[in-house]
Amino acid sequence: MSGTRLALLCLMGPLLVRGQNDTEPIVLEGKCLVVCDSTPTTEPAGNALGMSVRSGNGRIAFSAVRNNNHEPSEMSNRTMTIYFDQVLVNVGSHFDPARSVFVAPRKGVYSFSFNVVKVYNRQTIQVSLVLNGWPVISAFAGDQDVTREAATNAGLVMMERGDKAYLKLERGNLMGGWKYSTFSGFLVFPS
């Protein structure tokens, strides 16, 4: 079939629809769903969107915040991992709140964003999103004349199943704490 077939379904009640290639069923409940005719193993050609529909079990998202302004602990000083004390969202339970590490449950493209606030600290800080021990995205905060400043960044990364992502303080310190800092991520699409 040439071209791309696109359908937009807006439904008010539950409906059971078969997934791509008659795989897992998709339950639709009052949602809009875009369905594209494509083959996920080939590159999209022309104006093809190259999208495939997967079942709802692929929902993966987390968001964690720092509510307390604790000084860095002995453990965080040793690993330089930035820890978060409250999880707002953990769909799929792939964010480990005890270690503040996200573990990818499947191969795909993931989106991450972070905002690490330094408080009453005249040092420049560098914060990195670390993937399997390697920094991939960094941000700096170094204004000497403000009491609160944030190192902020976001980006997309390709992850394999079992890959680990976390935030690490690469430079400076968080003496004075890092209250109001956030770390979030979600699966954009599996690959």
# chains A, B, ... in the order shown; residues from 1 in each chain; ligands from 1
>>> residues_around(residues="Arg59 in chain A", least_positions_apart="3", cutoff="12 Å", atoms="only C-alpha atoms", output="MDAnalysis selection string")
chainID A and resid 54:56 62 89:94 104:106 110 185:190
>>> closest_residue(among="A:Arg66, A:Val119, A:Met158, A:Leu169", to="Leu131 in chain A", atoms="only C-alpha atoms")
A:Met158
>>> select_by_dssp(residues="range 74-120 of chain A", states="strand (DSSP E)", output="number ranges by chain")
A: 86-91, 95-96, 101-103, 108-119
>>> residues_around(residues="range 95-101 of chain A", least_positions_apart="3", cutoff="9 Å", atoms="only C-alpha atoms", output="JSON, numbers by chain")
{"A": [61, 62, 63, 64, 81, 82, 83, 84, 85, 86, 87, 90, 91, 92, 104, 164, 165, 166, 167]}
>>> residues_around(residues="Val157 in chain A", least_positions_apart="2", cutoff="7 Å", atoms="only C-alpha atoms", output="list in words")
Val109, Tyr110, Ser111, Gly155 and Met159 of chain A
>>> atom_distance(atom1="CA of Asn132 in chain A", atom2="CA of Leu88 in chain A")
24.0 Å
>>> atom_distance(atom1="CA of Asn67 in chain A", atom2="CA of Glu149 in chain A")
16.1 Å
>>> atom_distance(atom1="CA of Leu129 in chain A", atom2="CA of Asn68 in chain A")
21.4 Å
>>> decode(residues="range 114-135 of chain A", atoms="N, CA and C atoms", output="short mmCIF file (atom, residue, chain, number, x, y, z; two decimals), in the first residue's frame")
data_model
loop_
_atom_site.label_atom_id
_atom_site.label_comp_id
_atom_site.auth_asym_id
_atom_site.auth_seq_id
_atom_site.Cartn_x
_atom_site.Cartn_y
_atom_site.Cartn_z
N PHE A 114 16.03 17.90 34.36
CA PHE A 114 16.42 18.09 35.75
C PHE A 114 16.60 19.56 36.05
N ASN A 115 16.43 19.87 37.31
CA ASN A 115 16.54 21.22 37.83
C ASN A 115 17.14 21.08 39.23
N VAL A 116 18.43 21.34 39.39
CA VAL A 116 19.09 21.19 40.69
C VAL A 116 19.42 22.58 41.21
N VAL A 117 18.81 22.90 42.36
CA VAL A 117 18.94 24.22 42.96
C VAL A 117 20.06 24.22 44.00
N LYS A 118 20.99 25.16 43.86
CA LYS A 118 22.01 25.34 44.91
C LYS A 118 21.55 26.50 45.78
N VAL A 119 21.74 26.36 47.09
CA VAL A 119 21.22 27.32 48.05
C VAL A 119 22.38 27.92 48.84
N TYR A 120 22.42 29.24 48.92
CA TYR A 120 23.44 29.95 49.72
C TYR A 120 24.83 29.37 49.51
N ASN A 121 25.22 29.23 48.28
CA ASN A 121 26.47 28.56 47.96
C ASN A 121 27.14 29.38 46.86
N ARG A 122 28.30 29.88 47.12
CA ARG A 122 28.98 30.74 46.16
C ARG A 122 29.83 29.95 45.16
N GLN A 123 29.78 28.63 45.23
CA GLN A 123 30.53 27.81 44.29
C GLN A 123 29.73 27.54 43.02
N THR A 124 30.45 27.38 41.92
CA THR A 124 29.83 26.91 40.69
C THR A 124 29.59 25.42 40.82
N ILE A 125 28.40 24.99 40.39
CA ILE A 125 28.13 23.55 40.38
C ILE A 125 27.93 23.10 38.93
N GLN A 126 28.30 21.86 38.68
CA GLN A 126 28.02 21.21 37.41
C GLN A 126 27.28 19.92 37.73
N VAL A 127 26.10 19.76 37.14
CA VAL A 127 25.27 18.57 37.34
C VAL A 127 25.15 17.85 36.01
N SER A 128 25.28 16.52 36.03
CA SER A 128 25.17 15.73 34.81
C SER A 128 24.13 14.65 34.95
N LEU A 129 23.42 14.40 33.85
CA LEU A 129 22.62 13.19 33.73
C LEU A 129 23.61 12.10 33.34
N VAL A 130 23.69 11.06 34.14
CA VAL A 130 24.66 9.99 33.92
C VAL A 130 23.92 8.75 33.42
N LEU A 131 24.42 8.18 32.34
CA LEU A 131 23.86 6.96 31.76
C LEU A 131 24.93 5.88 31.85
N ASN A 132 24.67 4.86 32.67
CA ASN A 132 25.60 3.75 32.87
C ASN A 132 27.01 4.22 33.22
N GLY A 133 27.08 5.22 34.09
CA GLY A 133 28.37 5.69 34.57
C GLY A 133 29.02 6.79 33.74
N TRP A 134 28.40 7.18 32.61
CA TRP A 134 28.97 8.19 31.72
C TRP A 134 28.05 9.40 31.65
N PRO A 135 28.59 10.61 31.88
CA PRO A 135 27.76 11.81 31.76
C PRO A 135 27.35 12.05 30.30
#
